[in-house]
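Asks: upload_16.txt is reproduced in full below (compact mmCIF, C-alpha atoms and all ligand atoms).
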```txt
# COMPACT_ATOMS: atom_id res chain seq x y z
CA MET A 1 52.70 87.90 87.84
CA TYR A 2 50.69 85.79 85.38
CA GLY A 3 51.83 82.36 86.67
CA ILE A 4 50.88 83.05 90.30
CA ASP A 5 47.69 84.99 89.43
CA LEU A 6 46.54 81.99 87.38
CA LEU A 7 47.23 79.56 90.26
CA MET A 8 45.31 81.82 92.67
CA LYS A 9 42.35 82.00 90.27
CA GLU A 10 42.35 78.21 90.06
CA HIS A 11 42.35 78.09 93.89
CA LEU A 12 38.91 79.77 93.86
CA ASN A 13 37.60 76.99 91.59
CA ILE A 14 39.14 74.28 93.79
CA ILE A 15 37.63 75.89 96.92
CA ALA A 16 34.19 75.84 95.20
CA PHE A 17 34.78 72.18 94.31
CA THR A 18 35.74 71.22 97.88
CA GLU A 19 32.62 73.01 99.20
CA TYR A 20 30.57 70.87 96.78
CA MET A 21 32.33 67.75 98.13
CA LYS A 22 31.49 68.80 101.69
CA ASN A 23 27.85 69.30 100.63
CA CYS A 24 27.80 65.74 99.22
CA CYS A 25 29.10 64.47 102.60
CA CYS A 26 26.55 66.55 104.55
CA ALA A 27 23.70 65.12 102.43
CA ILE A 28 24.78 61.61 103.48
CA LEU A 29 24.94 62.64 107.15
CA GLU A 30 21.39 63.96 106.75
CA GLY A 31 20.18 60.61 105.44
CA ALA A 32 20.83 60.53 101.67
CA ASP A 33 22.28 57.38 100.16
CA VAL A 34 25.89 57.41 98.88
CA ASP A 35 25.75 58.51 95.23
CA ALA A 36 28.66 56.57 93.74
CA ALA A 37 28.37 58.30 90.35
CA GLN A 38 28.50 61.74 92.01
CA PHE A 39 31.67 60.80 93.93
CA ALA A 40 33.19 59.27 90.79
CA GLU A 41 32.81 62.69 89.13
CA CYS A 42 34.49 64.30 92.16
CA ILE A 43 37.40 61.86 91.88
CA ASP A 44 37.77 62.75 88.20
CA PHE A 45 37.75 66.51 88.97
CA ALA A 46 40.29 66.03 91.79
CA ARG A 47 42.62 63.96 89.60
CA VAL A 48 42.42 65.92 86.37
CA TYR A 49 41.68 69.55 87.27
CA ALA A 50 43.04 69.88 90.83
CA ASP A 51 45.98 67.49 90.47
CA LYS A 52 47.13 67.17 86.86
CA HIS A 53 46.14 70.67 85.73
CA HIS A 54 46.70 72.77 88.89
CA HIS A 55 49.28 70.85 90.95
CA GLY A 56 50.96 70.05 87.64
CA LYS A 57 51.73 73.75 87.11
CA GLU A 58 52.86 74.16 90.73
CA GLU A 59 55.14 71.12 90.74
CA GLN A 60 56.56 71.31 87.21
CA ILE A 61 56.88 75.09 87.01
CA LEU A 62 56.63 77.30 90.15
CA PHE A 63 57.96 74.90 92.79
CA ARG A 64 60.67 73.61 90.46
CA HIS A 65 62.00 77.16 90.01
CA MET A 66 61.72 77.86 93.75
CA LEU A 67 63.76 74.73 94.54
CA GLU A 68 66.46 75.90 92.13
CA ASN A 69 67.21 78.55 94.81
CA PRO A 70 68.36 76.15 97.53
CA SER A 71 67.70 77.29 101.10
CA SER A 72 66.41 75.57 104.21
CA VAL A 73 63.24 77.71 104.15
CA THR A 74 62.40 76.74 100.55
CA GLU A 75 63.10 73.06 101.26
CA LYS A 76 60.90 73.11 104.34
CA LEU A 77 58.08 75.07 102.76
CA VAL A 78 57.99 73.41 99.34
CA ARG A 79 59.45 69.92 99.62
CA ASN A 80 58.38 69.07 103.18
CA GLY A 81 55.20 71.14 103.09
CA MET A 82 53.39 71.74 99.82
CA LEU A 83 54.61 68.63 97.98
CA VAL A 84 53.85 66.34 100.93
CA GLU A 85 50.34 67.80 101.10
CA HIS A 86 49.80 67.13 97.37
CA ASP A 87 50.68 63.49 98.11
CA PHE A 88 48.26 63.35 101.06
CA GLY A 89 45.55 64.65 98.70
CA ARG A 90 46.32 61.82 96.25
CA PHE A 91 46.15 59.32 99.14
CA HIS A 92 42.67 60.52 100.18
CA ILE A 93 41.40 60.31 96.58
CA THR A 94 42.73 56.74 96.19
CA GLU A 95 41.12 55.81 99.51
CA LEU A 96 37.85 57.47 98.47
CA GLU A 97 37.90 55.33 95.32
CA ASN A 98 38.53 52.18 97.43
CA ALA A 99 35.76 53.17 99.86
CA LEU A 100 33.25 53.62 97.01
CA LYS A 101 34.10 50.20 95.58
CA LEU A 102 33.68 48.61 98.99
CA TYR A 103 30.44 50.47 99.74
CA THR A 104 28.97 49.43 96.36
CA GLU A 105 29.71 45.81 97.27
CA TYR A 106 28.79 46.03 100.98
CA PRO A 107 26.58 49.07 101.63
CA CYS A 108 26.92 49.13 105.45
CA THR A 109 27.26 52.15 107.76
CA LYS A 110 30.98 51.54 108.34
CA ASN A 111 31.68 51.66 104.61
CA LYS A 112 29.57 54.81 104.36
CA LEU A 113 31.84 56.30 107.05
CA TYR A 114 34.89 55.21 105.00
CA VAL A 115 33.54 57.23 102.04
CA ILE A 116 32.77 60.34 104.12
CA THR A 117 36.09 60.18 105.99
CA HIS A 118 38.23 60.48 102.86
CA ALA A 119 35.96 62.85 100.92
CA ALA A 120 35.80 65.28 103.86
CA ALA A 121 39.50 64.89 104.69
CA TYR A 122 40.43 65.70 101.09
CA ALA A 123 38.20 68.79 101.06
CA ASP A 124 39.59 70.03 104.39
CA LEU A 125 43.21 69.33 103.41
CA LEU A 126 42.89 71.19 100.10
CA GLN A 127 41.23 74.20 101.73
CA ARG A 128 44.00 74.51 104.34
CA HIS A 129 46.66 73.88 101.68
CA ILE A 130 45.31 76.65 99.45
CA GLN A 131 45.29 79.12 102.36
CA LYS A 132 48.97 78.36 103.02
CA GLU A 133 49.86 78.78 99.35
CA ASP A 134 47.97 82.06 98.95
CA ASN A 135 49.15 83.60 102.22
CA VAL A 136 52.64 82.16 102.73
CA CYS A 137 54.10 80.16 99.86
CA PHE A 138 53.23 82.42 96.92
CA THR A 139 54.18 85.64 98.76
CA TYR A 140 57.49 84.00 99.67
CA ALA A 141 57.99 83.00 96.02
CA GLN A 142 57.47 86.62 94.92
CA ARG A 143 60.31 87.71 97.23
CA LEU A 144 62.58 84.76 96.44
CA LEU A 145 62.47 84.72 92.64
CA SER A 146 64.40 87.06 90.35
CA ASN A 147 62.61 88.97 87.59
CA ALA A 148 64.17 86.64 85.01
CA GLU A 149 62.85 83.59 86.86
CA LYS A 150 59.39 85.17 87.16
CA ASP A 151 59.36 85.83 83.39
CA GLN A 152 60.40 82.24 82.77
CA ILE A 153 57.63 80.91 85.05
CA ASP A 154 55.06 83.10 83.29
CA ALA A 155 56.14 81.82 79.88
CA GLU A 156 56.06 78.18 81.01
CA ALA A 157 52.66 78.63 82.69
CA LYS A 158 51.28 80.22 79.51
CA ALA A 159 52.51 77.32 77.37
CA PHE A 160 51.08 74.75 79.85
CA GLU A 161 47.74 76.56 79.86
CA GLU A 162 47.54 76.85 76.08
CA LYS A 163 48.14 73.13 75.70
CA ALA A 164 45.48 72.32 78.32
CA GLU A 165 43.00 74.65 76.61
CA GLN A 166 43.65 73.00 73.26
CA ASN A 167 42.69 69.73 74.95
CA GLY A 168 39.59 71.37 76.45
CA ILE A 169 40.62 70.59 80.05
CA PRO A 170 39.79 73.83 81.91
CA GLN A 171 36.66 74.36 79.79
CA LYS A 172 35.33 70.85 80.55
CA TYR A 173 35.92 70.95 84.30
CA LEU A 174 34.78 74.54 84.86
CA ALA A 175 31.53 73.80 82.99
CA TRP A 176 31.01 70.77 85.26
CA LEU A 177 31.70 72.90 88.35
CA ASP A 178 29.41 75.68 87.12
CA MET A 179 26.47 73.28 87.04
CA ARG A 180 27.09 72.36 90.68
CA GLY A 181 28.07 75.74 92.15
FE FE A 201 49.52 73.09 95.93
FE FE A 202 47.57 75.34 94.68
```
What would you get if you wrote out this structure as structure tokens?

Replies:
Amino acid sequence: MYGIDLLMKEHLNIIAFTEYMKNCCCAILEGADVDAAQFAECIDFARVYADKHHHGKEEQILFRHMLENPSSVTEKLVRNGMLVEHDFGRFHITELENALKLYTEYPCTKNKLYVITHAAAYADLLQRHIQKEDNVCFTYAQRLLSNAEKDQIDAEAKAFEEKAEQNGIPQKYLAWLDMRG
């Protein structure tokens, strides 16, 4: 199924990105200074590629179709699980941005901890989230959805992807990731 295969391929890129974020945190723990420009690039990747591009397809296409088949399992898994975790990811990125601003103004150890806390929490959250989607949520979706719904999801995912490619989104962010992988 094109729509789900595409999301799972993007998961590999997001895992590579979160490993890079963890490496940035480890460098600080080993004595490096906080590189605000490096974290600003991570925030941009998280907001545009991971959230707008990837979570965008999940929320506007796959999850929307799943929720059109109302059941307590779908509600629990999608609305109370996956969507809540997307929001926690956004929270950690906002807090990372706040922490960087504060650290730039007052570069003390506590503000360094503030930066590492939210960068590492985001990376850990996304890695666990992706495991749940790959192993539970997407396999459940394959059983839940009719063939007509799957075809519809594939068509919508293709249109979303074509538009993003016209704007150079996946090309730009995968090139950035490639240089850091
Ligand atoms: Fe997700
Ligand atoms: Fe995902």

Asks: When the cut-off is 8 Å and you count only C-alpha atoms and all ligand atoms, which residues lie near ligand FE 201 (chain A), shown as a list in words?

Replies: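 With only C-alpha atoms and all ligand atoms and a cut-off of 8 Å, ligand FE 201 (chain A) is contacted by His54, His55, Glu58, Glu59, Met82, Leu83, Glu85, His86, His129, Ile130 and Glu133 of chain A.
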
Asks: Could the residues that lie within 12 Å of ligand FE 202 (chain A), counting all atoms listed in the file, be listed as a PyMOL selection string?

Replies: chain A and resi 3-15+49-59+62-63+78+82-83+85-86+89+125-138

Asks: Find the residues around Phe17 in chain A up to 9 Å (all atoms listed in the file counted), leave out those fewer than 4 positions away in its own chain, and share them as number ranges by chain.

Replies: A: 12-13, 21-22, 42, 45-46, 123, 177, 180-181

Asks: Name the residues in contact with Leu100 in chain A at a cut-off of 7 Å, using all atoms listed in the file, excluding same-chain residues fewer than 3 positions from it; report them as number ranges by chain.

Replies: A: 36, 96-97, 103-104, 115

Asks: My list of candidates is A:Val34, A:His118, A:His65, A:Leu29. Which is closest to Ala148 in chain A when distances are computed with all atoms listed in the file?

Replies: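 For Ala148 in chain A, the nearest of the given residues is A:His65.
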
Asks: So what do you get for CA of Lys150 in chain A versus CA of Asp87 in chain A, distance-wise?

Replies: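 So the answer is 25.8 Å.
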
Asks: Given the choices A:Ala119, A:Asp44, A:Met1, A:Phe88, which gets closest to Lys172 in chain A if the distance is worked out from all atoms listed in the file?

Replies: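 Distance minimum relative to Lys172 in chain A lands on A:Asp44.
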
Asks: Put the listed atoms of range 87-103 of chain A in a box along x, y and z with 8 Å added on every side and give me the centre and edge lengths in Å to one decimal, as JSON.

Replies:
```
{"center_x": 40.6, "center_y": 56.6, "center_z": 98.2, "size_x": 36.2, "size_y": 32.0, "size_z": 21.7}
```

Asks: Hey, can you check how far CA of Pro107 in chain A sits from CA of Tyr20 in chain A?

Replies: 22.7 Å

Asks: In Å, with one decimal, what is the gap from CA of Ile116 in chain A to CA of Arg79 in chain A?

Replies: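 According to the coordinates, CA of Ile116 in chain A and CA of Arg79 in chain A are separated by 28.7 Å.
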
Asks: Given the choices A:Val48, A:Cys108, A:Ile61, A:Ala120, which gets closest to Asn23 in chain A if the distance is worked out from all atoms listed in the file?

Replies: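 The shortest atom-to-atom distance to Asn23 in chain A comes from A:Ala120.
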
Asks: Could you check the closest approach to Phe160 in chain A for each of A:Ile43, A:Ala27, A:Leu174, A:Gln60 and tell me which residue wins, using all atoms listed in the file?

Replies: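 Among the listed residues, A:Gln60 lies closest to Phe160 in chain A.
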